[in-house]
Amino acid sequence: MSFTLSVKEMSKITNVSKRNIRYYDSIGLFKPSGVSENGYRYYDIEKIEELRLINYLRHAGVSIKEIEKHLKNRNIDEYVDILNNQLTAIESELNKINALKIRLKNKLTSIEYIRSLKHFDQIRVEVFPKRRILKKMVELRTPIDWERAMLTLEEELPPSLVVGDNGFFVDLKRYNHRKGTEFIGLFMIADDPFTLQSSYLEYLDEGPYLTLYLKGNHEDARLRYKELIEYAETNNLVLESYALERTLIDHFISSDKELYITEIQIPIRQKEAL
């Protein structure tokens, strides 16, 4: 008489739950060797390795469809293809996870830098390295225009990547005739691995920038441009025709308005004297 196992015994030997065994049966992936007169399913001992193979492949992430295909046509070349394809998929997923890790580390580093800022309301010349950005030049008049422009950038990026990382271009030729919501373009610091393949990828030049960190939002920043222009004129600084304006902490990060921080950076074309 052949040796047979019940569902419970099969589950105990293979460490596959009875629920999964019944599920595999219901979809036709792993059928019992037979059904006893009293309606209980039983399995021949040869079925142990078959279930272990299914469990192994499922644990490796192989789809049920691929496993079913292999079990119906057991071919070593096809089996190798299944393993290679799954290895490729896992490596791709690992790359995404590593990119996410870098993304979160960059965000934490940025927050710690913001929290360490001390020179508020002081106009300073700071030298910045060459920086990657995503850039879209478009006339922006209202916050809804901002959102539409951000959506354009996001179409090539993972969900909500621009949260907290976006900034704007200000036209200095009309700095005193604009509202706090009006800009001539949108940018995002592209220190995130997910941004490297974006068609909007460009660079900010290395060099000196007239810089101001202020407590407040974009409307508060709007009122400070006259002061910045006058500082440049007094100190013989030749500025580019645009400024970079970015809110570092806003209501999405903190509900305390006293903690809102906005930065203004204006590239200096020529520094003659301070």
# chains A, B, ... in the order shown; residues from 1 in each chain; ligands from 1

$ residues_around --residues "Leu172 in chain A" --least-positions-apart "4" --cutoff "9 Å" --atoms "only C-alpha atoms" --output "number ranges by chain"
A: 176, 225, 229, 240-243

$ residues_around --residues "Asp171 in chain A" --least-positions-apart "2" --cutoff "12 Å" --atoms "only C-alpha atoms" --output "PDB file with all heavy atoms, in the first residue's frame"
ATOM      1  N   MET A 137      10.744  76.642 -17.351  1.00  0.00           N
ATOM      2  CA  MET A 137      10.470  78.062 -17.426  1.00  0.00           C
ATOM      3  C   MET A 137       9.073  78.271 -17.993  1.00  0.00           C
ATOM      4  O   MET A 137       8.780  77.882 -19.122  1.00  0.00           O
ATOM      5  CB  MET A 137      11.516  78.763 -18.293  1.00  0.00           C
ATOM      6  CG  MET A 137      12.943  78.616 -17.776  1.00  0.00           C
ATOM      7  SD  MET A 137      13.141  79.145 -16.047  1.00  0.00           S
ATOM      8  CE  MET A 137      12.883  80.918 -16.205  1.00  0.00           C
ATOM      9  N   VAL A 138       8.212  78.860 -17.183  1.00  0.00           N
ATOM     10  CA  VAL A 138       6.832  79.098 -17.581  1.00  0.00           C
ATOM     11  C   VAL A 138       6.264  80.203 -16.684  1.00  0.00           C
ATOM     12  O   VAL A 138       6.637  80.313 -15.523  1.00  0.00           O
ATOM     13  CB  VAL A 138       5.985  77.811 -17.449  1.00  0.00           C
ATOM     14  CG1 VAL A 138       5.982  77.304 -16.021  1.00  0.00           C
ATOM     15  CG2 VAL A 138       4.562  78.015 -17.952  1.00  0.00           C
ATOM     16  N   GLU A 139       5.428  81.040 -17.241  1.00  0.00           N
ATOM     17  CA  GLU A 139       4.836  82.125 -16.465  1.00  0.00           C
ATOM     18  C   GLU A 139       3.875  81.549 -15.420  1.00  0.00           C
ATOM     19  O   GLU A 139       2.948  80.814 -15.745  1.00  0.00           O
ATOM     20  CB  GLU A 139       4.086  83.080 -17.394  1.00  0.00           C
ATOM     21  CG  GLU A 139       3.780  84.417 -16.785  1.00  0.00           C
ATOM     22  CD  GLU A 139       5.000  85.307 -16.628  1.00  0.00           C
ATOM     23  OE1 GLU A 139       5.992  85.117 -17.372  1.00  0.00           O
ATOM     24  OE2 GLU A 139       4.975  86.178 -15.742  1.00  0.00           O
ATOM     25  N   LEU A 140       4.118  81.902 -14.170  1.00  0.00           N
ATOM     26  CA  LEU A 140       3.307  81.414 -13.059  1.00  0.00           C
ATOM     27  C   LEU A 140       2.725  82.611 -12.320  1.00  0.00           C
ATOM     28  O   LEU A 140       3.471  83.494 -11.882  1.00  0.00           O
ATOM     29  CB  LEU A 140       4.157  80.571 -12.097  1.00  0.00           C
ATOM     30  CG  LEU A 140       4.934  79.401 -12.709  1.00  0.00           C
ATOM     31  CD1 LEU A 140       5.904  78.823 -11.694  1.00  0.00           C
ATOM     32  CD2 LEU A 140       3.990  78.331 -13.214  1.00  0.00           C
ATOM     33  N   PHE A 168      11.430  78.586  -7.194  1.00  0.00           N
ATOM     34  CA  PHE A 168      10.936  79.373  -8.317  1.00  0.00           C
ATOM     35  C   PHE A 168      11.999  80.347  -8.811  1.00  0.00           C
ATOM     36  O   PHE A 168      12.912  80.733  -8.077  1.00  0.00           O
ATOM     37  CB  PHE A 168       9.691  80.164  -7.897  1.00  0.00           C
ATOM     38  CG  PHE A 168       8.559  79.296  -7.424  1.00  0.00           C
ATOM     39  CD1 PHE A 168       8.384  79.040  -6.067  1.00  0.00           C
ATOM     40  CD2 PHE A 168       7.681  78.716  -8.319  1.00  0.00           C
ATOM     41  CE1 PHE A 168       7.342  78.238  -5.622  1.00  0.00           C
ATOM     42  CE2 PHE A 168       6.645  77.912  -7.885  1.00  0.00           C
ATOM     43  CZ  PHE A 168       6.477  77.675  -6.533  1.00  0.00           C
ATOM     44  N   PHE A 169      11.835  80.745 -10.081  1.00  0.00           N
ATOM     45  CA  PHE A 169      12.652  81.796 -10.666  1.00  0.00           C
ATOM     46  C   PHE A 169      11.881  83.114 -10.590  1.00  0.00           C
ATOM     47  O   PHE A 169      10.706  83.176 -10.966  1.00  0.00           O
ATOM     48  CB  PHE A 169      12.972  81.474 -12.128  1.00  0.00           C
ATOM     49  CG  PHE A 169      13.941  80.346 -12.305  1.00  0.00           C
ATOM     50  CD1 PHE A 169      13.488  79.046 -12.483  1.00  0.00           C
ATOM     51  CD2 PHE A 169      15.308  80.577 -12.285  1.00  0.00           C
ATOM     52  CE1 PHE A 169      14.373  77.998 -12.646  1.00  0.00           C
ATOM     53  CE2 PHE A 169      16.204  79.533 -12.448  1.00  0.00           C
ATOM     54  CZ  PHE A 169      15.743  78.242 -12.623  1.00  0.00           C
ATOM     55  N   LYS A 173      13.894  92.063 -13.183  1.00  0.00           N
ATOM     56  CA  LYS A 173      13.553  93.288 -13.905  1.00  0.00           C
ATOM     57  C   LYS A 173      12.210  93.850 -13.450  1.00  0.00           C
ATOM     58  O   LYS A 173      11.928  95.026 -13.661  1.00  0.00           O
ATOM     59  CB  LYS A 173      13.534  93.018 -15.406  1.00  0.00           C
ATOM     60  CG  LYS A 173      14.900  92.639 -15.972  1.00  0.00           C
ATOM     61  CD  LYS A 173      14.802  92.307 -17.453  1.00  0.00           C
ATOM     62  CE  LYS A 173      16.153  91.857 -18.008  1.00  0.00           C
ATOM     63  NZ  LYS A 173      16.055  91.478 -19.441  1.00  0.00           N
ATOM     64  N   ARG A 174      11.396  93.001 -12.870  1.00  0.00           N
ATOM     65  CA  ARG A 174      10.105  93.476 -12.391  1.00  0.00           C
ATOM     66  C   ARG A 174       9.856  93.042 -10.944  1.00  0.00           C
ATOM     67  O   ARG A 174       8.738  92.730 -10.561  1.00  0.00           O
ATOM     68  CB  ARG A 174       8.974  92.986 -13.307  1.00  0.00           C
ATOM     69  CG  ARG A 174       9.008  91.497 -13.654  1.00  0.00           C
ATOM     70  CD  ARG A 174       7.903  91.146 -14.640  1.00  0.00           C
ATOM     71  NE  ARG A 174       8.059  89.802 -15.182  1.00  0.00           N
ATOM     72  CZ  ARG A 174       7.097  88.895 -15.201  1.00  0.00           C
ATOM     73  NH1 ARG A 174       5.916  89.182 -14.708  1.00  0.00           N
ATOM     74  NH2 ARG A 174       7.304  87.715 -15.738  1.00  0.00           N
ATOM     75  N   TYR A 175      10.918  93.046 -10.170  1.00  0.00           N
ATOM     76  CA  TYR A 175      10.813  92.560  -8.797  1.00  0.00           C
ATOM     77  C   TYR A 175       9.856  93.400  -7.960  1.00  0.00           C
ATOM     78  O   TYR A 175       9.214  92.896  -7.036  1.00  0.00           O
ATOM     79  CB  TYR A 175      12.197  92.532  -8.132  1.00  0.00           C
ATOM     80  CG  TYR A 175      12.736  93.883  -7.753  1.00  0.00           C
ATOM     81  CD1 TYR A 175      12.472  94.446  -6.507  1.00  0.00           C
ATOM     82  CD2 TYR A 175      13.526  94.609  -8.644  1.00  0.00           C
ATOM     83  CE1 TYR A 175      12.986  95.685  -6.161  1.00  0.00           C
ATOM     84  CE2 TYR A 175      14.029  95.850  -8.304  1.00  0.00           C
ATOM     85  CZ  TYR A 175      13.753  96.381  -7.068  1.00  0.00           C
ATOM     86  OH  TYR A 175      14.247  97.617  -6.726  1.00  0.00           O
ATOM     87  N   ASN A 176       9.743  94.700  -8.283  1.00  0.00           N
ATOM     88  CA  ASN A 176       8.881  95.568  -7.474  1.00  0.00           C
ATOM     89  C   ASN A 176       7.497  95.758  -8.095  1.00  0.00           C
ATOM     90  O   ASN A 176       6.733  96.614  -7.662  1.00  0.00           O
ATOM     91  CB  ASN A 176       9.547  96.926  -7.253  1.00  0.00           C
ATOM     92  CG  ASN A 176       9.883  97.625  -8.565  1.00  0.00           C
ATOM     93  OD1 ASN A 176       9.873  96.990  -9.624  1.00  0.00           O
ATOM     94  ND2 ASN A 176      10.191  98.917  -8.500  1.00  0.00           N
ATOM     95  N   HIS A 177       7.187  94.955  -9.126  1.00  0.00           N
ATOM     96  CA  HIS A 177       5.865  95.038  -9.763  1.00  0.00           C
ATOM     97  C   HIS A 177       5.171  93.680  -9.803  1.00  0.00           C
ATOM     98  O   HIS A 177       4.319  93.459 -10.645  1.00  0.00           O
ATOM     99  CB  HIS A 177       5.989  95.579 -11.197  1.00  0.00           C
ATOM    100  CG  HIS A 177       6.614  96.938 -11.281  1.00  0.00           C
ATOM    101  ND1 HIS A 177       6.030  98.063 -10.756  1.00  0.00           N
ATOM    102  CD2 HIS A 177       7.783  97.336 -11.821  1.00  0.00           C
ATOM    103  CE1 HIS A 177       6.802  99.111 -10.983  1.00  0.00           C
ATOM    104  NE2 HIS A 177       7.885  98.697 -11.622  1.00  0.00           N
ATOM    105  N   ARG A 178       5.555  92.809  -8.923  1.00  0.00           N
ATOM    106  CA  ARG A 178       5.004  91.456  -8.940  1.00  0.00           C
ATOM    107  C   ARG A 178       4.356  91.122  -7.605  1.00  0.00           C
ATOM    108  O   ARG A 178       4.663  91.715  -6.578  1.00  0.00           O
ATOM    109  CB  ARG A 178       6.094  90.409  -9.249  1.00  0.00           C
ATOM    110  CG  ARG A 178       7.273  90.442  -8.292  1.00  0.00           C
ATOM    111  CD  ARG A 178       8.278  89.333  -8.563  1.00  0.00           C
ATOM    112  NE  ARG A 178       7.808  88.060  -8.086  1.00  0.00           N
ATOM    113  CZ  ARG A 178       8.049  87.594  -6.855  1.00  0.00           C
ATOM    114  NH1 ARG A 178       8.743  88.305  -5.976  1.00  0.00           N
ATOM    115  NH2 ARG A 178       7.603  86.414  -6.496  1.00  0.00           N
ATOM    116  N   LYS A 179       3.457  90.154  -7.652  1.00  0.00           N
ATOM    117  CA  LYS A 179       2.869  89.617  -6.445  1.00  0.00           C
ATOM    118  C   LYS A 179       3.753  88.488  -5.926  1.00  0.00           C
ATOM    119  O   LYS A 179       4.573  87.934  -6.664  1.00  0.00           O
ATOM    120  CB  LYS A 179       1.457  89.109  -6.723  1.00  0.00           C
ATOM    121  CG  LYS A 179       0.477  90.187  -7.157  1.00  0.00           C
ATOM    122  CD  LYS A 179      -0.890  89.582  -7.452  1.00  0.00           C
ATOM    123  CE  LYS A 179      -1.869  90.643  -7.906  1.00  0.00           C
ATOM    124  NZ  LYS A 179      -3.205  90.068  -8.230  1.00  0.00           N
ATOM    125  N   GLY A 180       3.547  88.109  -4.690  1.00  0.00           N
ATOM    126  CA  GLY A 180       4.359  87.054  -4.101  1.00  0.00           C
ATOM    127  C   GLY A 180       4.152  85.693  -4.729  1.00  0.00           C
ATOM    128  O   GLY A 180       4.952  84.774  -4.528  1.00  0.00           O
ATOM    129  N   GLU A 182       3.839  85.303  -8.092  1.00  0.00           N
ATOM    130  CA  GLU A 182       4.184  85.388  -9.511  1.00  0.00           C
ATOM    131  C   GLU A 182       5.664  85.078  -9.741  1.00  0.00           C
ATOM    132  O   GLU A 182       6.548  85.697  -9.136  1.00  0.00           O
ATOM    133  CB  GLU A 182       3.851  86.783 -10.051  1.00  0.00           C
ATOM    134  CG  GLU A 182       2.366  87.079 -10.058  1.00  0.00           C
ATOM    135  CD  GLU A 182       2.041  88.463 -10.561  1.00  0.00           C
ATOM    136  OE1 GLU A 182       2.969  89.308 -10.632  1.00  0.00           O
ATOM    137  OE2 GLU A 182       0.870  88.714 -10.881  1.00  0.00           O
ATOM    138  N   PHE A 183       5.896  84.133 -10.640  1.00  0.00           N
ATOM    139  CA  PHE A 183       7.255  83.719 -10.966  1.00  0.00           C
ATOM    140  C   PHE A 183       7.367  83.473 -12.470  1.00  0.00           C
ATOM    141  O   PHE A 183       6.354  83.419 -13.176  1.00  0.00           O
ATOM    142  CB  PHE A 183       7.621  82.440 -10.201  1.00  0.00           C
ATOM    143  CG  PHE A 183       7.487  82.575  -8.705  1.00  0.00           C
ATOM    144  CD1 PHE A 183       6.339  82.128  -8.060  1.00  0.00           C
ATOM    145  CD2 PHE A 183       8.491  83.155  -7.962  1.00  0.00           C
ATOM    146  CE1 PHE A 183       6.201  82.261  -6.685  1.00  0.00           C
ATOM    147  CE2 PHE A 183       8.359  83.289  -6.582  1.00  0.00           C
ATOM    148  CZ  PHE A 183       7.216  82.843  -5.943  1.00  0.00           C
ATOM    149  N   ILE A 184       8.599  83.310 -12.943  1.00  0.00           N
ATOM    150  CA  ILE A 184       8.817  83.056 -14.371  1.00  0.00           C
ATOM    151  C   ILE A 184       9.277  81.627 -14.638  1.00  0.00           C
ATOM    152  O   ILE A 184       9.588  81.266 -15.769  1.00  0.00           O
ATOM    153  CB  ILE A 184       9.829  84.045 -14.972  1.00  0.00           C
ATOM    154  CG1 ILE A 184      11.174  83.959 -14.227  1.00  0.00           C
ATOM    155  CG2 ILE A 184       9.272  85.448 -14.961  1.00  0.00           C
ATOM    156  CD1 ILE A 184      12.293  84.750 -14.885  1.00  0.00           C
ATOM    157  N   GLY A 185       9.326  80.815 -13.606  1.00  0.00           N
ATOM    158  CA  GLY A 185       9.737  79.435 -13.792  1.00  0.00           C
ATOM    159  C   GLY A 185       9.768  78.668 -12.490  1.00  0.00           C
ATOM    160  O   GLY A 185       9.683  79.249 -11.399  1.00  0.00           O
ATOM    161  N   LEU A 186       9.906  77.375 -12.625  1.00  0.00           N
ATOM    162  CA  LEU A 186       9.916  76.452 -11.490  1.00  0.00           C
ATOM    163  C   LEU A 186      11.181  75.621 -11.553  1.00  0.00           C
ATOM    164  O   LEU A 186      11.648  75.246 -12.634  1.00  0.00           O
ATOM    165  CB  LEU A 186       8.685  75.544 -11.575  1.00  0.00           C
ATOM    166  CG  LEU A 186       8.576  74.395 -10.573  1.00  0.00           C
ATOM    167  CD1 LEU A 186       8.170  74.929  -9.207  1.00  0.00           C
ATOM    168  CD2 LEU A 186       7.539  73.376 -11.051  1.00  0.00           C
ATOM    169  N   ARG A 222       8.963  88.568  -1.119  1.00  0.00           N
ATOM    170  CA  ARG A 222       8.751  89.580  -2.153  1.00  0.00           C
ATOM    171  C   ARG A 222       9.176  90.968  -1.676  1.00  0.00           C
ATOM    172  O   ARG A 222       9.706  91.777  -2.452  1.00  0.00           O
ATOM    173  CB  ARG A 222       7.275  89.603  -2.555  1.00  0.00           C
ATOM    174  CG  ARG A 222       6.927  90.624  -3.624  1.00  0.00           C
ATOM    175  CD  ARG A 222       5.434  90.653  -3.873  1.00  0.00           C
ATOM    176  NE  ARG A 222       4.707  91.203  -2.735  1.00  0.00           N
ATOM    177  CZ  ARG A 222       4.523  92.510  -2.518  1.00  0.00           C
ATOM    178  NH1 ARG A 222       5.020  93.398  -3.366  1.00  0.00           N
ATOM    179  NH2 ARG A 222       3.837  92.924  -1.468  1.00  0.00           N
ATOM    180  N   TYR A 225      13.336  92.132  -1.941  1.00  0.00           N
ATOM    181  CA  TYR A 225      14.164  92.260  -3.139  1.00  0.00           C
ATOM    182  C   TYR A 225      14.777  93.649  -3.295  1.00  0.00           C
ATOM    183  O   TYR A 225      15.922  93.795  -3.749  1.00  0.00           O
ATOM    184  CB  TYR A 225      13.373  91.866  -4.394  1.00  0.00           C
ATOM    185  CG  TYR A 225      13.278  90.367  -4.546  1.00  0.00           C
ATOM    186  CD1 TYR A 225      12.177  89.666  -4.087  1.00  0.00           C
ATOM    187  CD2 TYR A 225      14.324  89.643  -5.108  1.00  0.00           C
ATOM    188  CE1 TYR A 225      12.103  88.292  -4.193  1.00  0.00           C
ATOM    189  CE2 TYR A 225      14.274  88.272  -5.223  1.00  0.00           C
ATOM    190  CZ  TYR A 225      13.148  87.598  -4.759  1.00  0.00           C
ATOM    191  OH  TYR A 225      13.091  86.231  -4.863  1.00  0.00           O
ATOM    192  N   LEU A 239      24.611  91.506 -10.800  1.00  0.00           N
ATOM    193  CA  LEU A 239      23.745  90.349 -10.614  1.00  0.00           C
ATOM    194  C   LEU A 239      23.192  89.856 -11.935  1.00  0.00           C
ATOM    195  O   LEU A 239      23.056  90.612 -12.905  1.00  0.00           O
ATOM    196  CB  LEU A 239      22.578  90.713  -9.688  1.00  0.00           C
ATOM    197  CG  LEU A 239      22.947  91.259  -8.309  1.00  0.00           C
ATOM    198  CD1 LEU A 239      21.673  91.627  -7.554  1.00  0.00           C
ATOM    199  CD2 LEU A 239      23.774  90.257  -7.519  1.00  0.00           C
ATOM    200  N   GLU A 240      22.843  88.559 -11.964  1.00  0.00           N
ATOM    201  CA  GLU A 240      22.090  88.026 -13.090  1.00  0.00           C
ATOM    202  C   GLU A 240      20.689  88.633 -13.063  1.00  0.00           C
ATOM    203  O   GLU A 240      20.306  89.299 -12.098  1.00  0.00           O
ATOM    204  CB  GLU A 240      22.021  86.504 -13.011  1.00  0.00           C
ATOM    205  CG  GLU A 240      23.352  85.797 -13.189  1.00  0.00           C
ATOM    206  CD  GLU A 240      23.883  85.875 -14.617  1.00  0.00           C
ATOM    207  OE1 GLU A 240      23.140  86.348 -15.502  1.00  0.00           O
ATOM    208  OE2 GLU A 240      25.033  85.462 -14.850  1.00  0.00           O
ATOM    209  N   SER A 241      19.914  88.363 -14.088  1.00  0.00           N
ATOM    210  CA  SER A 241      18.593  88.984 -14.204  1.00  0.00           C
ATOM    211  C   SER A 241      17.497  88.208 -13.478  1.00  0.00           C
ATOM    212  O   SER A 241      16.327  88.554 -13.576  1.00  0.00           O
ATOM    213  CB  SER A 241      18.217  89.119 -15.683  1.00  0.00           C
ATOM    214  OG  SER A 241      18.151  87.834 -16.287  1.00  0.00           O
ATOM    215  N   TYR A 242      17.876  87.164 -12.757  1.00  0.00           N
ATOM    216  CA  TYR A 242      16.878  86.351 -12.066  1.00  0.00           C
ATOM    217  C   TYR A 242      17.356  85.990 -10.666  1.00  0.00           C
ATOM    218  O   TYR A 242      18.547  86.059 -10.347  1.00  0.00           O
ATOM    219  CB  TYR A 242      16.589  85.070 -12.848  1.00  0.00           C
ATOM    220  CG  TYR A 242      17.769  84.121 -12.908  1.00  0.00           C
ATOM    221  CD1 TYR A 242      17.972  83.145 -11.937  1.00  0.00           C
ATOM    222  CD2 TYR A 242      18.718  84.214 -13.940  1.00  0.00           C
ATOM    223  CE1 TYR A 242      19.062  82.290 -11.985  1.00  0.00           C
ATOM    224  CE2 TYR A 242      19.804  83.369 -13.991  1.00  0.00           C
ATOM    225  CZ  TYR A 242      19.977  82.419 -13.011  1.00  0.00           C
ATOM    226  OH  TYR A 242      21.062  81.580 -13.055  1.00  0.00           O
ATOM    227  N   ALA A 243      16.404  85.613  -9.848  1.00  0.00           N
ATOM    228  CA  ALA A 243      16.689  85.117  -8.503  1.00  0.00           C
ATOM    229  C   ALA A 243      16.069  83.740  -8.337  1.00  0.00           C
ATOM    230  O   ALA A 243      15.105  83.385  -9.026  1.00  0.00           O
ATOM    231  CB  ALA A 243      16.133  86.074  -7.451  1.00  0.00           C
ATOM    232  N   LEU A 244      16.626  82.971  -7.420  1.00  0.00           N
ATOM    233  CA  LEU A 244      16.065  81.678  -7.031  1.00  0.00           C
ATOM    234  C   LEU A 244      15.389  81.870  -5.681  1.00  0.00           C
ATOM    235  O   LEU A 244      16.008  82.382  -4.747  1.00  0.00           O
ATOM    236  CB  LEU A 244      17.159  80.620  -6.915  1.00  0.00           C
ATOM    237  CG  LEU A 244      18.089  80.446  -8.121  1.00  0.00           C
ATOM    238  CD1 LEU A 244      19.239  79.523  -7.761  1.00  0.00           C
ATOM    239  CD2 LEU A 244      17.322  79.909  -9.309  1.00  0.00           C
ATOM    240  N   GLU A 245      14.141  81.483  -5.592  1.00  0.00           N
ATOM    241  CA  GLU A 245      13.397  81.641  -4.339  1.00  0.00           C
ATOM    242  C   GLU A 245      12.785  80.303  -3.948  1.00  0.00           C
ATOM    243  O   GLU A 245      12.074  79.685  -4.744  1.00  0.00           O
ATOM    244  CB  GLU A 245      12.305  82.704  -4.511  1.00  0.00           C
ATOM    245  CG  GLU A 245      11.540  83.011  -3.233  1.00  0.00           C
ATOM    246  CD  GLU A 245      10.530  84.140  -3.437  1.00  0.00           C
ATOM    247  OE1 GLU A 245      10.930  85.202  -3.964  1.00  0.00           O
ATOM    248  OE2 GLU A 245       9.343  83.951  -3.107  1.00  0.00           O
ATOM    249  N   ILE A 266      20.629  84.955  -5.503  1.00  0.00           N
ATOM    250  CA  ILE A 266      20.776  85.658  -6.772  1.00  0.00           C
ATOM    251  C   ILE A 266      22.199  85.448  -7.277  1.00  0.00           C
ATOM    252  O   ILE A 266      23.161  85.823  -6.597  1.00  0.00           O
ATOM    253  CB  ILE A 266      20.504  87.167  -6.620  1.00  0.00           C
ATOM    254  CG1 ILE A 266      19.144  87.411  -5.957  1.00  0.00           C
ATOM    255  CG2 ILE A 266      20.567  87.850  -7.983  1.00  0.00           C
ATOM    256  CD1 ILE A 266      18.857  88.874  -5.682  1.00  0.00           C
TER     257      ILE A 266
END

$ residues_around --residues "Leu228 in chain A" --least-positions-apart "5" --cutoff "12 Å" --atoms "only C-alpha atoms" --output "CSV table (one decimal) with N, CA and C atoms, in the first residue's frame"
chain,number,residue,atom,x,y,z
A,121,ASP,N,17.9,87.0,8.0
A,121,ASP,CA,17.8,88.4,7.7
A,121,ASP,C,19.1,89.1,7.6
A,122,GLN,N,20.1,88.3,7.2
A,122,GLN,CA,21.4,88.9,6.9
A,122,GLN,C,21.8,88.6,5.4
A,123,ILE,N,22.0,89.7,4.7
A,123,ILE,CA,22.4,89.5,3.3
A,123,ILE,C,23.8,89.1,3.2
A,124,ARG,N,24.1,88.0,2.6
A,124,ARG,CA,25.5,87.5,2.5
A,124,ARG,C,25.8,87.0,1.1
A,125,VAL,N,27.1,87.0,0.8
A,125,VAL,CA,27.6,86.3,-0.4
A,125,VAL,C,28.0,85.0,-0.1
A,172,LEU,N,14.1,89.7,-11.9
A,172,LEU,CA,14.5,90.8,-11.2
A,172,LEU,C,14.2,92.1,-11.9
A,175,TYR,N,10.9,93.0,-10.2
A,175,TYR,CA,10.8,92.6,-8.8
A,175,TYR,C,9.9,93.4,-8.0
A,176,ASN,N,9.7,94.7,-8.3
A,176,ASN,CA,8.9,95.6,-7.5
A,176,ASN,C,7.5,95.8,-8.1
A,209,TYR,N,26.7,83.6,-4.8
A,209,TYR,CA,25.3,84.0,-4.9
A,209,TYR,C,25.0,85.0,-3.8
A,210,LEU,N,24.3,86.1,-4.1
A,210,LEU,CA,23.8,87.0,-3.0
A,210,LEU,C,22.6,86.2,-2.4
A,211,THR,N,22.8,86.0,-1.1
A,211,THR,CA,21.9,85.1,-0.4
A,211,THR,C,21.2,85.7,0.8
A,212,LEU,N,19.9,85.4,1.0
A,212,LEU,CA,19.2,85.9,2.2
A,212,LEU,C,18.3,84.8,2.7
A,213,TYR,N,18.4,84.4,3.9
A,213,TYR,CA,17.4,83.5,4.6
A,213,TYR,C,16.5,84.3,5.5
A,221,ALA,N,9.0,87.2,1.3
A,221,ALA,CA,10.3,87.3,0.5
A,221,ALA,C,10.1,88.4,-0.6
A,222,ARG,N,9.0,88.6,-1.1
A,222,ARG,CA,8.8,89.6,-2.2
A,222,ARG,C,9.2,91.0,-1.7
A,223,LEU,N,9.0,91.2,-0.4
A,223,LEU,CA,9.3,92.5,0.1
A,223,LEU,C,10.8,92.8,0.4
A,233,GLU,N,24.1,97.1,-5.4
A,233,GLU,CA,24.5,98.3,-6.0
A,233,GLU,C,25.6,99.0,-5.1
A,234,THR,N,25.3,99.0,-3.8
A,234,THR,CA,26.2,99.6,-2.8
A,234,THR,C,27.6,98.9,-2.8
A,235,ASN,N,27.6,97.6,-3.0
A,235,ASN,CA,28.8,96.8,-3.0
A,235,ASN,C,29.3,96.4,-4.4
A,237,LEU,N,28.2,94.9,-7.0
A,237,LEU,CA,28.0,93.5,-7.4
A,237,LEU,C,27.1,93.5,-8.6
A,238,VAL,N,27.5,92.8,-9.7
A,238,VAL,CA,26.7,92.7,-10.9
A,238,VAL,C,25.9,91.4,-10.8
A,239,LEU,N,24.6,91.5,-10.8
A,239,LEU,CA,23.7,90.3,-10.6
A,239,LEU,C,23.2,89.9,-11.9
A,243,ALA,N,16.4,85.6,-9.8
A,243,ALA,CA,16.7,85.1,-8.5
A,243,ALA,C,16.1,83.7,-8.3
A,264,ILE,N,16.4,83.2,-0.6
A,264,ILE,CA,16.6,83.9,-1.9
A,264,ILE,C,18.1,83.8,-2.2
A,265,GLN,N,18.3,83.4,-3.5
A,265,GLN,CA,19.7,83.3,-4.0
A,265,GLN,C,19.7,84.0,-5.3
A,266,ILE,N,20.6,85.0,-5.5
A,266,ILE,CA,20.8,85.7,-6.8
A,266,ILE,C,22.2,85.4,-7.3
A,267,PRO,N,22.4,84.8,-8.4
A,267,PRO,CA,23.7,84.6,-9.0
A,267,PRO,C,24.5,85.9,-9.2
A,268,ILE,N,25.7,86.0,-8.8
A,268,ILE,CA,26.5,87.2,-9.0
A,268,ILE,C,27.4,86.9,-10.3

$ select_by_dssp --residues "range 25-112 of chain A" --states "helix (DSSP H, G or I)" --output "MDAnalysis selection string"
chainID A and resid 25:26 47:59 64:72 76:112

$ residues_around --residues "range 33-45 of chain A" --least-positions-apart "5" --cutoff "8 Å" --atoms "only C-alpha atoms" --output "ChimeraX atom specification"
/A:2-7,10

$ select_by_dssp --residues "range 32-98 of chain A" --states "strand (DSSP E or B)" --output "PyMOL selection string"
chain A and resi 34-35+41-44

$ write_last_selection --atoms "N, CA and C atoms" --output "CSV table (one decimal), in the first residue's frame"
chain,number,residue,atom,x,y,z
A,34,GLY,N,-5.4,12.3,-4.8
A,34,GLY,CA,-6.8,11.7,-4.9
A,34,GLY,C,-7.6,12.2,-3.7
A,35,VAL,N,-8.9,11.7,-3.7
A,35,VAL,CA,-9.8,12.0,-2.7
A,35,VAL,C,-10.4,10.7,-2.1
A,41,ARG,N,-8.9,15.0,1.0
A,41,ARG,CA,-7.8,14.9,0.0
A,41,ARG,C,-6.6,14.3,0.6
A,42,TYR,N,-5.9,13.5,-0.3
A,42,TYR,CA,-4.6,12.9,0.2
A,42,TYR,C,-3.6,13.1,-0.9
A,43,TYR,N,-2.3,13.0,-0.4
A,43,TYR,CA,-1.2,13.3,-1.3
A,43,TYR,C,-0.1,12.2,-1.2
A,44,ASP,N,0.3,11.7,-2.4
A,44,ASP,CA,1.4,10.8,-2.4
A,44,ASP,C,2.7,11.5,-2.0

$ atom_distance --atom1 "CA of Lys136 in chain A" --atom2 "CA of Tyr200 in chain A"
6.8 Å

$ residues_around --residues "Arg132 in chain A" --least-positions-apart "2" --cutoff "7 Å" --atoms "only C-alpha atoms" --output "ChimeraX atom specification"
/A:130,189-191,201-204

$ atom_distance --atom1 "CA of Pro208 in chain A" --atom2 "CA of Tyr260 in chain A"
24.8 Å

$ residues_around --residues "Asp192 in chain A" --least-positions-apart "4" --cutoff "10 Å" --atoms "only C-alpha atoms" --output "list of chain:residue names"
A:Ala99, A:Leu100, A:Lys101, A:Ile102, A:Arg103, A:Leu104, A:Lys105, A:Asn106, A:Lys107, A:Arg132, A:Ile133, A:Leu161, A:Leu196

$ atom_distance --atom1 "CA of Lys18 in chain A" --atom2 "CA of Ile64 in chain A"
17.4 Å
